[in-house]
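A.B. asks: Next up, work.cif (mmCIF, C-alpha atoms and all ligand atoms).
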```cif
data_coords
#
loop_
_atom_site.label_atom_id
_atom_site.label_comp_id
_atom_site.auth_asym_id
_atom_site.auth_seq_id
_atom_site.Cartn_x
_atom_site.Cartn_y
_atom_site.Cartn_z
CA MET A 1 18.26 18.71 -12.82
CA PRO A 2 15.04 17.26 -11.38
CA GLN A 3 13.29 14.94 -13.74
CA PRO A 4 9.71 13.82 -14.23
CA LEU A 5 9.23 10.25 -12.98
CA ILE A 6 8.03 9.19 -16.39
CA GLU A 7 11.36 10.21 -17.90
CA ARG A 8 13.45 8.75 -15.11
CA TYR A 9 11.82 5.32 -15.48
CA ARG A 10 10.57 5.57 -19.04
CA ASP A 11 11.30 1.91 -19.92
CA TYR A 12 9.08 0.67 -17.11
CA ILE A 13 6.04 2.87 -17.62
CA PRO A 14 3.55 1.68 -20.22
CA LEU A 15 2.39 4.97 -21.74
CA GLU A 16 1.51 5.17 -25.42
CA PRO A 17 4.03 6.80 -27.80
CA GLY A 18 1.91 9.91 -28.38
CA ASP A 19 1.00 10.54 -24.74
CA PRO A 20 2.15 13.89 -23.33
CA ILE A 21 4.12 13.92 -20.08
CA VAL A 22 2.02 15.72 -17.49
CA SER A 23 4.44 16.33 -14.65
CA ILE A 24 5.27 18.58 -11.71
CA ASN A 25 8.62 16.80 -11.19
CA GLU A 26 7.25 14.26 -8.75
CA GLY A 27 9.21 11.39 -7.22
CA SER A 28 12.95 11.28 -6.46
CA THR A 29 12.01 11.89 -2.82
CA PRO A 30 14.51 11.86 0.06
CA LEU A 31 15.44 8.64 1.81
CA VAL A 32 16.52 9.63 5.30
CA GLU A 33 18.34 7.60 7.93
CA ALA A 34 16.47 7.38 11.23
CA PRO A 35 19.08 6.71 13.93
CA ARG A 36 16.74 6.92 16.92
CA LEU A 37 14.15 4.69 15.32
CA SER A 38 16.92 2.25 14.39
CA GLU A 39 17.90 2.07 18.04
CA ARG A 40 14.34 1.36 19.13
CA ILE A 41 13.64 -1.43 16.65
CA GLY A 42 17.10 -3.02 16.52
CA ALA A 43 17.55 -2.67 12.75
CA LYS A 44 18.77 0.08 10.44
CA ALA A 45 15.71 2.20 9.69
CA TYR A 46 15.17 4.64 6.84
CA LEU A 47 12.28 6.99 6.15
CA LYS A 48 11.03 7.48 2.58
CA ILE A 49 9.73 11.03 2.68
CA GLU A 50 6.83 10.94 0.22
CA GLY A 51 5.53 14.19 1.69
CA ALA A 52 8.27 15.82 -0.42
CA ASN A 53 6.28 15.20 -3.61
CA PRO A 54 4.82 18.32 -5.29
CA THR A 55 1.40 18.08 -3.64
CA GLY A 56 2.75 16.53 -0.46
CA SER A 57 1.94 12.84 -0.89
CA PHE A 58 2.94 9.76 -2.90
CA LYS A 59 -0.30 10.08 -4.90
CA ASP A 60 1.62 12.33 -7.34
CA ARG A 61 3.66 9.34 -8.55
CA GLY A 62 0.55 7.64 -9.80
CA MET A 63 -1.23 10.79 -10.89
CA THR A 64 1.48 11.87 -13.34
CA VAL A 65 1.01 8.60 -15.23
CA ALA A 66 -2.78 8.37 -14.95
CA VAL A 67 -3.30 11.97 -16.09
CA SER A 68 -0.72 11.69 -18.89
CA ARG A 69 -2.60 8.68 -20.25
CA ALA A 70 -5.97 10.39 -19.78
CA LYS A 71 -4.74 13.40 -21.74
CA GLY A 72 -3.21 11.14 -24.38
CA ARG A 73 -6.49 9.37 -25.00
CA GLY A 74 -8.32 12.67 -25.27
CA ALA A 75 -10.12 12.86 -21.92
CA GLU A 76 -11.42 16.29 -20.97
CA ALA A 77 -12.01 15.66 -17.30
CA VAL A 78 -10.83 13.51 -14.42
CA ILE A 79 -12.73 12.35 -11.36
CA CYS A 80 -11.86 10.54 -8.15
CA ALA A 81 -13.16 9.53 -4.76
CA SER A 82 -10.70 10.56 -2.13
CA THR A 83 -9.86 10.73 1.54
CA GLY A 84 -8.02 13.93 0.53
CA ASN A 85 -4.61 13.33 -1.00
CA THR A 86 -5.85 11.82 -4.25
CA ALA A 87 -8.14 14.85 -4.57
CA ALA A 88 -5.28 17.30 -4.01
CA SER A 89 -3.08 15.47 -6.49
CA ALA A 90 -5.76 14.97 -9.15
CA ALA A 91 -6.70 18.65 -8.91
CA ALA A 92 -3.10 19.78 -9.44
CA TYR A 93 -2.34 17.42 -12.33
CA ALA A 94 -5.65 18.24 -13.99
CA VAL A 95 -4.53 21.89 -14.06
CA ARG A 96 -1.19 20.93 -15.61
CA ALA A 97 -2.97 18.93 -18.28
CA GLY A 98 -5.64 21.54 -18.97
CA LEU A 99 -8.39 19.17 -17.84
CA THR A 100 -11.22 19.82 -15.45
CA GLY A 101 -11.26 17.91 -12.19
CA ALA A 102 -14.02 16.72 -9.88
CA VAL A 103 -13.42 15.06 -6.54
CA ILE A 104 -15.82 13.37 -4.17
CA VAL A 105 -14.72 13.40 -0.54
CA PRO A 106 -16.38 12.06 2.62
CA GLU A 107 -18.11 15.00 4.31
CA GLY A 108 -16.23 16.35 7.33
CA LYS A 109 -13.61 13.60 7.23
CA ILE A 110 -10.81 15.11 5.22
CA ALA A 111 -7.84 17.02 6.57
CA ILE A 112 -8.13 20.77 6.06
CA GLY A 113 -4.88 21.16 4.09
CA LYS A 114 -5.99 18.63 1.50
CA LEU A 115 -9.32 20.36 1.07
CA ALA A 116 -7.53 23.69 0.61
CA GLN A 117 -5.35 22.16 -2.09
CA ALA A 118 -8.20 20.67 -4.10
CA LEU A 119 -10.12 23.95 -3.94
CA ILE A 120 -7.24 26.28 -4.80
CA HIS A 121 -6.43 24.18 -7.87
CA GLY A 122 -9.96 24.77 -9.05
CA ALA A 123 -11.39 21.27 -8.78
CA ARG A 124 -15.09 20.87 -8.20
CA VAL A 125 -15.18 19.45 -4.68
CA ILE A 126 -18.23 17.47 -3.64
CA ALA A 127 -18.58 16.52 0.04
CA LEU A 128 -20.59 13.30 0.14
CA GLU A 129 -22.81 12.32 3.03
CA GLY A 130 -21.07 9.00 3.22
CA ASN A 131 -17.60 7.51 3.61
CA PHE A 132 -14.79 6.85 1.14
CA ASP A 133 -16.16 3.45 0.18
CA ASP A 134 -19.52 5.02 -0.74
CA ALA A 135 -17.72 7.70 -2.77
CA LEU A 136 -15.72 5.10 -4.71
CA VAL A 137 -18.89 3.21 -5.68
CA ILE A 138 -20.39 6.44 -7.01
CA VAL A 139 -17.37 7.61 -9.03
CA ARG A 140 -16.98 4.17 -10.62
CA GLU A 141 -20.56 4.42 -11.80
CA LEU A 142 -20.13 8.03 -13.02
CA ALA A 143 -17.05 7.05 -15.02
CA GLU A 144 -19.14 4.37 -16.76
CA ARG A 145 -21.85 6.83 -17.65
CA HIS A 146 -19.77 9.84 -18.70
CA PRO A 147 -16.60 10.47 -20.73
CA ILE A 148 -14.55 11.21 -17.62
CA GLU A 149 -11.35 9.49 -16.54
CA LEU A 150 -11.36 7.74 -13.16
CA VAL A 151 -8.01 8.37 -11.44
CA ASN A 152 -8.42 6.36 -8.25
CA SER A 153 -5.91 3.58 -7.66
CA VAL A 154 -8.27 1.16 -9.42
CA ASN A 155 -6.79 2.89 -12.49
CA PRO A 156 -3.83 0.67 -13.49
CA TYR A 157 -1.68 3.67 -14.49
CA ARG A 158 -1.71 4.86 -10.89
CA ILE A 159 -0.01 1.62 -9.84
CA GLU A 160 2.50 1.89 -12.70
CA GLY A 161 3.59 5.29 -11.43
CA GLN A 162 3.60 4.43 -7.75
CA LYS A 163 5.81 1.37 -8.26
CA THR A 164 8.72 3.72 -9.06
CA ALA A 165 9.20 4.34 -5.34
CA ALA A 166 10.47 0.74 -5.08
CA PHE A 167 12.94 1.43 -7.92
CA GLU A 168 14.24 4.49 -6.11
CA LEU A 169 14.84 2.49 -2.93
CA ILE A 170 16.76 -0.19 -4.79
CA GLU A 171 18.89 2.39 -6.58
CA GLU A 172 19.59 4.46 -3.51
CA LEU A 173 20.42 1.57 -1.18
CA GLY A 174 22.33 -0.35 -3.85
CA GLY A 175 19.82 -3.18 -3.46
CA PRO A 176 16.43 -3.71 -1.87
CA PRO A 177 15.93 -3.15 1.85
CA ASP A 178 15.35 -6.36 3.83
CA ALA A 179 11.88 -5.09 4.72
CA LEU A 180 9.40 -2.34 3.89
CA SER A 181 6.80 -0.96 6.27
CA ILE A 182 3.77 0.81 4.82
CA PRO A 183 0.35 2.12 5.88
CA VAL A 184 -2.54 0.40 4.07
CA GLY A 185 -5.87 1.97 3.11
CA ASN A 186 -7.24 1.13 -0.32
CA ALA A 187 -4.13 -1.07 -0.71
CA GLY A 188 -3.00 0.46 -4.01
CA ASN A 189 0.37 1.58 -2.71
CA VAL A 190 1.46 -1.74 -1.23
CA THR A 191 0.36 -3.36 -4.50
CA ALA A 192 2.49 -0.84 -6.40
CA TYR A 193 5.62 -1.32 -4.27
CA TRP A 194 5.33 -5.07 -4.66
CA LYS A 195 4.98 -4.74 -8.42
CA GLY A 196 8.07 -2.51 -8.52
CA PHE A 197 10.14 -4.85 -6.37
CA GLN A 198 9.09 -7.87 -8.43
CA GLU A 199 9.86 -6.15 -11.74
CA TRP A 200 13.40 -5.63 -10.49
CA ASP A 201 13.63 -9.21 -9.22
CA THR A 202 13.64 -8.38 -5.54
CA SER A 203 11.31 -9.39 -2.74
CA PRO A 204 11.75 -7.63 0.57
CA ILE A 205 9.45 -8.54 3.44
CA LEU A 206 6.35 -6.33 3.35
CA TYR A 207 4.80 -5.18 6.61
CA GLY A 208 1.49 -3.42 6.17
CA PHE A 209 -0.37 -1.57 8.89
CA GLN A 210 -4.01 -0.59 9.12
CA ALA A 211 -5.73 1.49 11.77
CA ALA A 212 -7.50 -0.73 14.30
CA GLY A 213 -10.92 0.84 13.65
CA SER A 214 -10.46 0.40 9.93
CA ALA A 215 -8.65 -2.90 9.44
CA PRO A 216 -10.54 -5.08 6.95
CA LEU A 217 -7.45 -6.93 5.78
CA VAL A 218 -6.57 -7.83 9.35
CA ASP A 219 -10.14 -8.75 10.26
CA GLY A 220 -10.62 -10.68 7.02
CA ALA A 221 -13.89 -8.88 6.28
CA PRO A 222 -14.98 -5.42 5.07
CA VAL A 223 -15.63 -2.84 7.78
CA ALA A 224 -18.98 -1.09 7.27
CA ASN A 225 -18.21 2.02 9.33
CA PRO A 226 -14.44 2.48 9.45
CA GLU A 227 -13.22 4.93 12.09
CA THR A 228 -9.75 6.32 12.75
CA ILE A 229 -7.95 9.60 13.25
CA ALA A 230 -5.76 8.52 10.32
CA SER A 231 -8.21 9.75 7.68
CA ALA A 232 -6.11 8.71 4.66
CA ILE A 233 -6.48 5.04 5.63
CA ARG A 234 -10.07 5.23 6.80
CA ILE A 235 -11.25 2.69 4.23
CA GLY A 236 -13.44 -0.32 4.99
CA SER A 237 -13.43 -2.09 1.66
CA PRO A 238 -10.01 -1.89 -0.06
CA ALA A 239 -10.14 -2.06 -3.86
CA ARG A 240 -6.81 -3.91 -4.09
CA TRP A 241 -7.60 -6.47 -1.40
CA GLU A 242 -6.47 -9.65 -3.20
CA GLU A 243 -3.31 -8.12 -4.61
CA ALA A 244 -2.28 -6.72 -1.25
CA MET A 245 -2.81 -10.04 0.54
CA ASN A 246 -0.84 -11.76 -2.20
CA ALA A 247 2.01 -9.28 -1.66
CA PHE A 248 2.07 -9.85 2.11
CA ASN A 249 1.97 -13.62 1.73
CA THR A 250 4.47 -13.94 -1.12
CA SER A 251 6.94 -11.61 0.59
CA ARG A 252 6.50 -13.58 3.82
CA GLY A 253 5.40 -10.43 5.56
CA ARG A 254 2.13 -9.61 7.23
CA VAL A 255 -0.60 -7.07 7.75
CA ALA A 256 -1.45 -5.99 11.30
CA ALA A 257 -3.38 -3.27 13.10
CA VAL A 258 -2.30 -0.30 15.20
CA THR A 259 -4.57 1.78 17.43
CA ASP A 260 -5.08 5.50 16.98
CA GLU A 261 -3.13 6.04 20.19
CA GLN A 262 -0.17 4.09 18.81
CA ILE A 263 -0.39 6.04 15.55
CA LEU A 264 -0.42 9.41 17.31
CA ASP A 265 2.43 8.39 19.61
CA ALA A 266 4.56 7.44 16.60
CA TYR A 267 3.51 10.66 14.82
CA SER A 268 4.62 12.91 17.68
CA TRP A 269 7.68 10.79 18.37
CA LEU A 270 8.93 11.07 14.78
CA ALA A 271 8.46 14.84 14.80
CA SER A 272 10.25 15.30 18.11
CA ASN A 273 12.97 12.65 17.68
CA GLU A 274 13.77 12.43 13.97
CA GLY A 275 12.75 15.94 12.90
CA VAL A 276 10.27 14.52 10.40
CA PHE A 277 6.67 15.71 10.30
CA CYS A 278 4.38 13.31 8.48
CA GLU A 279 0.64 12.99 8.54
CA PRO A 280 -0.98 10.61 11.05
CA SER A 281 -1.76 7.90 8.46
CA SER A 282 1.90 7.83 7.44
CA ALA A 283 2.99 7.26 11.03
CA ALA A 284 1.13 3.93 11.02
CA SER A 285 4.20 2.46 9.28
CA VAL A 286 6.38 3.43 12.24
CA ALA A 287 3.75 2.66 14.88
CA GLY A 288 3.45 -0.83 13.42
CA LEU A 289 7.15 -1.57 13.78
CA LEU A 290 7.24 -0.15 17.29
CA THR A 291 4.18 -2.19 18.29
CA HIS A 292 4.69 -5.49 16.49
CA GLY A 293 8.46 -5.54 15.87
CA LEU A 294 10.15 -7.05 12.83
CA GLN A 295 8.35 -10.37 12.78
CA THR A 296 9.52 -13.19 10.53
CA VAL A 297 8.17 -16.57 9.60
CA ASP A 298 10.05 -19.72 10.62
CA GLY A 299 13.65 -19.97 9.57
CA MET A 300 14.02 -16.45 8.20
CA ASP A 301 16.70 -14.04 9.37
CA LYS A 302 15.55 -10.91 11.12
CA PRO A 303 15.63 -7.95 8.69
CA GLU A 304 18.67 -5.71 9.14
CA THR A 305 17.39 -2.80 7.06
CA VAL A 306 13.84 -1.53 6.92
CA VAL A 307 12.29 1.40 5.07
CA CYS A 308 9.21 3.08 6.52
CA VAL A 309 7.13 4.77 3.85
CA LEU A 310 5.98 8.17 5.15
CA THR A 311 3.18 8.65 2.66
CA GLY A 312 2.16 12.28 3.24
CA HIS A 313 3.31 15.59 4.73
CA GLY A 314 2.36 16.62 8.26
CA LEU A 315 1.22 20.07 7.11
CA LYS A 316 -1.74 18.43 5.40
CA ASP A 317 -3.42 18.08 8.76
CA PRO A 318 -2.56 20.99 11.06
CA ASP A 319 -5.61 20.29 13.25
CA THR A 320 -4.20 16.98 14.42
CA ALA A 321 -0.77 18.50 15.02
CA LEU A 322 -2.18 21.35 17.10
CA GLY A 323 -4.41 18.96 19.03
CA THR A 324 -1.45 16.72 19.84
CA ALA A 325 1.45 19.10 20.52
CA PRO A 326 1.93 21.33 23.60
CA PRO A 327 0.23 24.76 23.38
CA VAL A 328 1.72 28.10 22.38
CA ILE A 329 2.97 30.21 25.32
CA ASN A 330 1.37 33.66 25.29
CA CYS A 331 3.46 36.47 26.66
CA VAL A 332 3.28 40.21 27.34
CA ASN A 333 5.69 42.55 25.53
CA ASP A 334 8.38 42.63 28.25
CA ILE A 335 11.93 41.24 28.25
CA THR A 336 11.71 39.67 31.71
CA ALA A 337 8.43 38.01 30.94
CA VAL A 338 9.83 36.66 27.66
CA GLU A 339 12.94 35.49 29.50
CA HIS A 340 10.77 33.48 31.87
CA ALA A 341 8.72 32.13 29.02
CA VAL A 342 11.82 30.98 27.13
CA PHE A 343 13.98 29.64 29.95
CA ASP A 344 11.78 28.51 32.84
C1 LIG A 401 -3.60 7.27 0.06
C2 LIG A 401 -2.80 7.30 1.33
C3 LIG A 401 -2.52 6.13 2.06
C4 LIG A 401 -3.07 4.80 1.71
O1 LIG A 401 -2.61 4.29 0.47
P1 LIG A 401 -3.45 3.13 -0.25
O2 LIG A 401 -2.85 3.02 -1.57
O3 LIG A 401 -4.87 3.63 -0.26
O4 LIG A 401 -3.31 1.91 0.60
C5 LIG A 401 -1.72 6.24 3.18
N1 LIG A 401 -1.24 7.43 3.59
C6 LIG A 401 -1.51 8.57 2.92
C7 LIG A 401 -0.96 9.85 3.45
C8 LIG A 401 -2.29 8.54 1.78
O5 LIG A 401 -2.55 9.68 1.13
#
```
Hey, can you dump this file as structure tokens for me?
C.D. replies:
Amino acid sequence: MPQPLIERYRDYIPLEPGDPIVSINEGSTPLVEAPRLSERIGAKAYLKIEGANPTGSFKDRGMTVAVSRAKGRGAEAVICASTGNTAASAAAYAVRAGLTGAVIVPEGKIAIGKLAQALIHGARVIALEGNFDDALVIVRELAERHPIELVNSVNPYRIEGQKTAAFELIEELGGPPDALSIPVGNAGNVTAYWKGFQEWDTSPILYGFQAAGSAPLVDGAPVANPETIASAIRIGSPARWEEAMNAFNTSRGRVAAVTDEQILDAYSWLASNEGVFCEPSSAASVAGLLTHGLQTVDGMDKPETVVCVLTGHGLKDPDTALGTAPPVINCVNDITAVEHAVFD
């Protein structure tokens, strides 16, 4: 029987005794072996399919906890800034909790599936003439002025929920992987994985990957106008900067950049070689390993097992898929013509 995350890891999630459990049975996502990727990188590779969460991204792990706490403390509304997936998730969990939801997204820069989700769940969707970083500044201020719960990953309950993905990996593999590869945007998720690994006394190497046009952690400075096709990691000023850098350093891993071309290559390659369709941002975790390899600091053994976190589902962003894949073959209603179309 599928179980809400909060029940599965109850002892590790700091909700208050009277808080309701607001859940859509998130988490417990598939961990899939990736034989062809393993061959290419020279280590046993697994894919953590976070697109299998109820709204199609890992954001649900954090949202179940953040919205449960919000409901428990009597909030009537939730708000977030979002590149899309937080909006979709917040909108769905707000419905479950009987709260109203408002989401601020960067105008024209969110994948169409995510927009559809936020709207169909009845959230008030505001398209800001600005980027994600601008939107986050505004929602932080609004949450100060109004009795509305901020559910971005600056909310500590988001991190508490998202860390459960690390627990699942440890349980499923019978121990931690040697390394974890993860896309990095606002840097909440890498912070969460590290917290989860540390709470269970493990410390795999963390490899984080940012898009080259949006790589503040790699550059060492905020990026004023971040640009990348990978819209979920198009963030120039990550909220969890310090914690993420601490995680990379302490785990003896690193953060590096991948170009949009490398991201899209990995995205198509995964779909056509492993049968897994993730969104472009997610593919940064695979593109990073293919581009930079499994680097180690002096004296460390090369990792033998690595988990790539595929953060969101490919269906979120059909425009990128259709713009990347070969076209449909049109055909007249005739057996011979169809025969040619199929077999030539
Ligand atoms: C939110 C998101 C990310 C980035 O996670 P951060 O916690 O912001 O670093 C990556 N991929 C997808 C699909 C996302 O939705």
A.B. asks: Neighbouring residues of ligand LIG 401 (chain A) are defined here as those with any atom at most 9 Å from a ligand atom, counting all atoms listed in the file; list them as a PyMOL selection string.
C.D. replies: chain A and resi 50-51+56-59+82-86+153+159+182-192+210+230-235+238-240+244+278-284+309-314+316
A.B. asks: Could you check how far CA of Leu169 in chain A sits from CA of Leu15 in chain A, in Å to one decimal?
C.D. replies: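 Between these atoms lies a distance of 22.7 Å.
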A.B. asks: Between CA of Lys163 in chain A and CA of Ala116 in chain A, what distance in Å does the model show, to one decimal?
C.D. replies: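 CA of Ala116 in chain A lies at a distance of 27.5 Å from CA of Lys163 in chain A.
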A.B. asks: By how many Å are CA of Gly208 in chain A and CA of Phe248 in chain A apart?
C.D. replies: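 Going from CA of Gly208 in chain A over to CA of Phe248 in chain A covers 7.6 Å.
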A.B. asks: Within 10 Å of (-16.5, 11.1, 8.7) in the file's own coordinates, which protein, DNA or RNA residues have an atom, counting only C-alpha atoms? List them as a PyMOL selection string.
C.D. replies: chain A and resi 83+105-110+128-132+225-229+231+234
A.B. asks: Residues within 12 Å of Glu172 in chain A, please, as an MDAnalysis selection string. Count only C-alpha atoms; anything in the same chain fewer than 3 positions from it doesn't count.
C.D. replies: chainID A and resid 28:33 46 48 165:169 175:177 307
A.B. asks: Rank A:Gly288, A:Pro204, A:Pro222, A:Gly72 by their smallest atom-to-atom distance to Ser251 in chain A, using all atoms listed in the file, and report the top residue only.
C.D. replies: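 Comparing A:Gly288, A:Pro204, A:Pro222, A:Gly72 against Ser251 in chain A, the winner is A:Pro204.
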A.B. asks: Near Glu16 in chain A, counting only C-alpha atoms, which residues have an atom at most 12 Å away, once you skip same-chain residues fewer than 3 positions from it, shown as a list of chain:residue names?
C.D. replies: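 Contacts, with the query itself left out: A:Ile6, A:Arg10, A:Asp11, A:Ile13, A:Asp19, A:Pro20, A:Ile21, A:Val65, A:Ala66, A:Ser68, A:Arg69, A:Ala70, A:Lys71, A:Gly72, A:Arg73, A:Tyr157.
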A.B. asks: Give the answer as one residue: which of A:Cys308, A:Ala325, A:Ala92, A:Ala77 has the shortest atom-to-atom distance to His146 in chain A, using only C-alpha atoms?
C.D. replies: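 Distance minimum relative to His146 in chain A lands on A:Ala77.
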A.B. asks: Looking at all atoms listed in the file, which of A:Ala221, A:Pro216, A:Pro147, A:Thr320 is the one that sits closest to Ile263 in chain A?
C.D. replies: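 Comparing A:Ala221, A:Pro216, A:Pro147, A:Thr320 against Ile263 in chain A, the winner is A:Thr320.
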A.B. asks: Return as AutoDock Vina command-line options the centre and edge lengths, in Å with one decimal, of the box along x, y and z that encloses every atom of range 107-116 of chain A in the file, padded by 3 Å per side.
C.D. replies:
```
--center_x -11.5 --center_y 18.6 --center_z 4.0 --size_x 19.2 --size_y 16.1 --size_z 12.7
```
A.B. asks: Pick the closest to Gly62 in chain A from A:Thr164, A:Ser214, A:Ser272, A:Gln117: which is it, counting all atoms listed in the file?
C.D. replies: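 Nearest candidate to Gly62 in chain A out of A:Thr164, A:Ser214, A:Ser272, A:Gln117: A:Thr164.
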A.B. asks: Determine the nearest neighbour of Tyr193 in chain A from the options A:Arg96, A:His340, A:Arg158, A:Arg140, counting only C-alpha atoms.
C.D. replies: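 Counting only C-alpha atoms, the residue closest to Tyr193 in chain A is A:Arg158.
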A.B. asks: So, with only C-alpha atoms as the atoms that count, which of A:Ile79, A:Ile126, A:Val22, A:Ile138 lies closest to Tyr93 in chain A?
C.D. replies: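 For Tyr93 in chain A, the nearest of the given residues is A:Val22.
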